[in-house]
Amino acid sequence: GKKREMGMHYENGFLRCVGPDDLEWNLAHNFGVTEVVKGKVTERTDKSSVFSSDIIRSATLESSSIGNAGVVTGTKRVIDVNSTRGTLLDVFYMSTTDVPDITEHLRTEYMKKK
């Protein structure tokens with residue numbers, strides 16, 4: 001049979017509007033970390049910056065390491081909503097014990113189905 005290749009990073013979650021300008025994004029990652037992201041929608045553009053405030057590690061994990069990248073110590077997300085194109089861009093930044101500076105890790109663009 002054909003060998004199925006697995007990606008290194010998967011996440012599932014829920015984006016919630018918790019106030020007129022407040023967002024909360026609860027995400028579970030496949031490497032044992034749950035990310036609780038909180039932020040505000042900015043009025044000046046379509047862009048919304050969302051910064052994570054909590055990282056929760058699985059109790060069964062000795063560390064929340066990603067391959068050889070060390071233990072996750074911080075995350076940040078920048079969300080860009082383009083209502084004209086019907087897209088949502090999610091840029092995920094992360095720091096680890098091996099890379100202490102917040103660095104872009106993943107860029108995903110979602111498109112609205114017509």
# chains A, B, ... in the order shown; residues from 1 in each chain; ligands from 1
>>> residues_around(residues="Val37 of chain A", least_positions_apart="3", cutoff="12 Å", atoms="only C-alpha atoms", output="mmCIF file with N, CA and C atoms, in the first residue's frame")
data_model
loop_
_atom_site.group_PDB
_atom_site.id
_atom_site.type_symbol
_atom_site.label_atom_id
_atom_site.label_comp_id
_atom_site.auth_asym_id
_atom_site.auth_seq_id
_atom_site.Cartn_x
_atom_site.Cartn_y
_atom_site.Cartn_z
ATOM 1 N N GLY A 13 -9.554 23.594 16.730
ATOM 2 C CA GLY A 13 -10.035 24.476 17.779
ATOM 3 C C GLY A 13 -11.264 25.253 17.393
ATOM 4 N N PHE A 14 -11.543 26.226 18.238
ATOM 5 C CA PHE A 14 -12.734 27.035 18.102
ATOM 6 C C PHE A 14 -12.367 28.505 18.225
ATOM 7 N N LEU A 15 -12.878 29.315 17.307
ATOM 8 C CA LEU A 15 -12.738 30.766 17.354
ATOM 9 C C LEU A 15 -14.065 31.312 17.863
ATOM 10 N N ARG A 16 -13.997 32.062 18.963
ATOM 11 C CA ARG A 16 -15.219 32.585 19.584
ATOM 12 C C ARG A 16 -15.165 34.095 19.695
ATOM 13 N N CYS A 17 -16.279 34.741 19.415
ATOM 14 C CA CYS A 17 -16.425 36.166 19.701
ATOM 15 C C CYS A 17 -16.972 36.251 21.117
ATOM 16 N N VAL A 18 -16.206 36.844 22.025
ATOM 17 C CA VAL A 18 -16.603 36.889 23.438
ATOM 18 C C VAL A 18 -16.956 38.300 23.893
ATOM 19 N N ASP A 22 -13.760 41.508 21.158
ATOM 20 C CA ASP A 22 -12.891 40.522 21.803
ATOM 21 C C ASP A 22 -13.036 39.143 21.165
ATOM 22 N N LEU A 23 -11.890 38.516 20.910
ATOM 23 C CA LEU A 23 -11.850 37.171 20.343
ATOM 24 C C LEU A 23 -11.157 36.218 21.306
ATOM 25 N N GLU A 24 -11.544 34.972 21.245
ATOM 26 C CA GLU A 24 -10.850 33.910 21.978
ATOM 27 C C GLU A 24 -10.750 32.725 21.026
ATOM 28 N N TRP A 25 -9.563 32.136 20.959
ATOM 29 C CA TRP A 25 -9.315 31.002 20.076
ATOM 30 C C TRP A 25 -8.716 29.904 20.928
ATOM 31 N N ASN A 26 -9.421 28.796 21.061
ATOM 32 C CA ASN A 26 -8.949 27.657 21.841
ATOM 33 C C ASN A 26 -8.479 26.584 20.865
ATOM 34 N N LEU A 27 -7.192 26.254 20.934
ATOM 35 C CA LEU A 27 -6.589 25.340 19.961
ATOM 36 C C LEU A 27 -5.860 24.198 20.654
ATOM 37 N N ALA A 28 -6.077 22.986 20.174
ATOM 38 C CA ALA A 28 -5.333 21.816 20.648
ATOM 39 C C ALA A 28 -4.351 21.423 19.551
ATOM 40 N N THR A 34 -2.085 22.831 24.468
ATOM 41 C CA THR A 34 -3.335 23.524 24.174
ATOM 42 C C THR A 34 -3.065 25.009 24.318
ATOM 43 N N LYS A 40 -8.033 41.376 20.601
ATOM 44 C CA LYS A 40 -9.036 42.365 20.222
ATOM 45 C C LYS A 40 -9.004 42.579 18.716
ATOM 46 N N SER A 49 -5.067 41.679 15.471
ATOM 47 C CA SER A 49 -3.927 41.037 16.109
ATOM 48 C C SER A 49 -4.400 40.275 17.329
ATOM 49 N N VAL A 50 -3.989 39.037 17.440
ATOM 50 C CA VAL A 50 -4.387 38.193 18.551
ATOM 51 C C VAL A 50 -3.128 37.613 19.177
ATOM 52 N N PHE A 51 -2.965 37.787 20.468
ATOM 53 C CA PHE A 51 -1.773 37.296 21.151
ATOM 54 C C PHE A 51 -2.180 36.248 22.164
ATOM 55 N N SER A 52 -1.445 35.145 22.206
ATOM 56 C CA SER A 52 -1.820 34.102 23.156
ATOM 57 C C SER A 52 -1.423 34.502 24.560
ATOM 58 N N SER A 53 -2.220 34.087 25.520
ATOM 59 C CA SER A 53 -1.937 34.424 26.905
ATOM 60 C C SER A 53 -1.668 33.201 27.759
ATOM 61 N N ASP A 54 -2.062 32.036 27.291
ATOM 62 C CA ASP A 54 -1.878 30.824 28.084
ATOM 63 C C ASP A 54 -1.450 29.664 27.200
ATOM 64 N N ILE A 55 -0.502 28.872 27.684
ATOM 65 C CA ILE A 55 -0.127 27.615 27.050
ATOM 66 C C ILE A 55 -0.309 26.546 28.109
ATOM 67 N N ILE A 56 -1.075 25.523 27.775
ATOM 68 C CA ILE A 56 -1.330 24.439 28.721
ATOM 69 C C ILE A 56 -0.723 23.170 28.143
ATOM 70 N N GLY A 74 6.363 30.070 24.219
ATOM 71 C CA GLY A 74 5.464 31.180 23.937
ATOM 72 C C GLY A 74 4.927 31.116 22.528
ATOM 73 N N THR A 75 3.756 31.719 22.320
ATOM 74 C CA THR A 75 3.170 31.783 20.993
ATOM 75 C C THR A 75 2.557 33.158 20.768
ATOM 76 N N LYS A 76 2.369 33.491 19.511
ATOM 77 C CA LYS A 76 1.710 34.739 19.106
ATOM 78 C C LYS A 76 1.029 34.453 17.782
ATOM 79 N N ARG A 77 -0.117 35.024 17.563
ATOM 80 C CA ARG A 77 -0.810 34.892 16.289
ATOM 81 C C ARG A 77 -1.193 36.269 15.779
ATOM 82 N N VAL A 78 -1.077 36.457 14.484
ATOM 83 C CA VAL A 78 -1.578 37.663 13.831
ATOM 84 C C VAL A 78 -2.593 37.194 12.796
ATOM 85 N N ILE A 79 -3.796 37.728 12.905
ATOM 86 C CA ILE A 79 -4.892 37.356 12.026
ATOM 87 C C ILE A 79 -5.178 38.530 11.100
ATOM 88 N N PHE A 92 1.278 32.175 12.610
ATOM 89 C CA PHE A 92 1.572 31.614 13.925
ATOM 90 C C PHE A 92 3.064 31.758 14.218
#
>>> atom_distance(atom1="atom CA of Leu106 of chain A", atom2="atom CA of Val33 of chain A")
15.7 Å
>>> atom_distance(atom1="atom CA of Ser83 of chain A", atom2="atom CA of Ile102 of chain A")
28.1 Å
>>> residues_around(residues="Thr73 of chain A", least_positions_apart="5", cutoff="9 Å", atoms="only C-alpha atoms", output="PyMOL selection string")
chain A and resi 55+64+94-97+100
>>> atom_distance(atom1="atom CA of Glu11 of chain A", atom2="atom CA of Asn82 of chain A")
22.3 Å
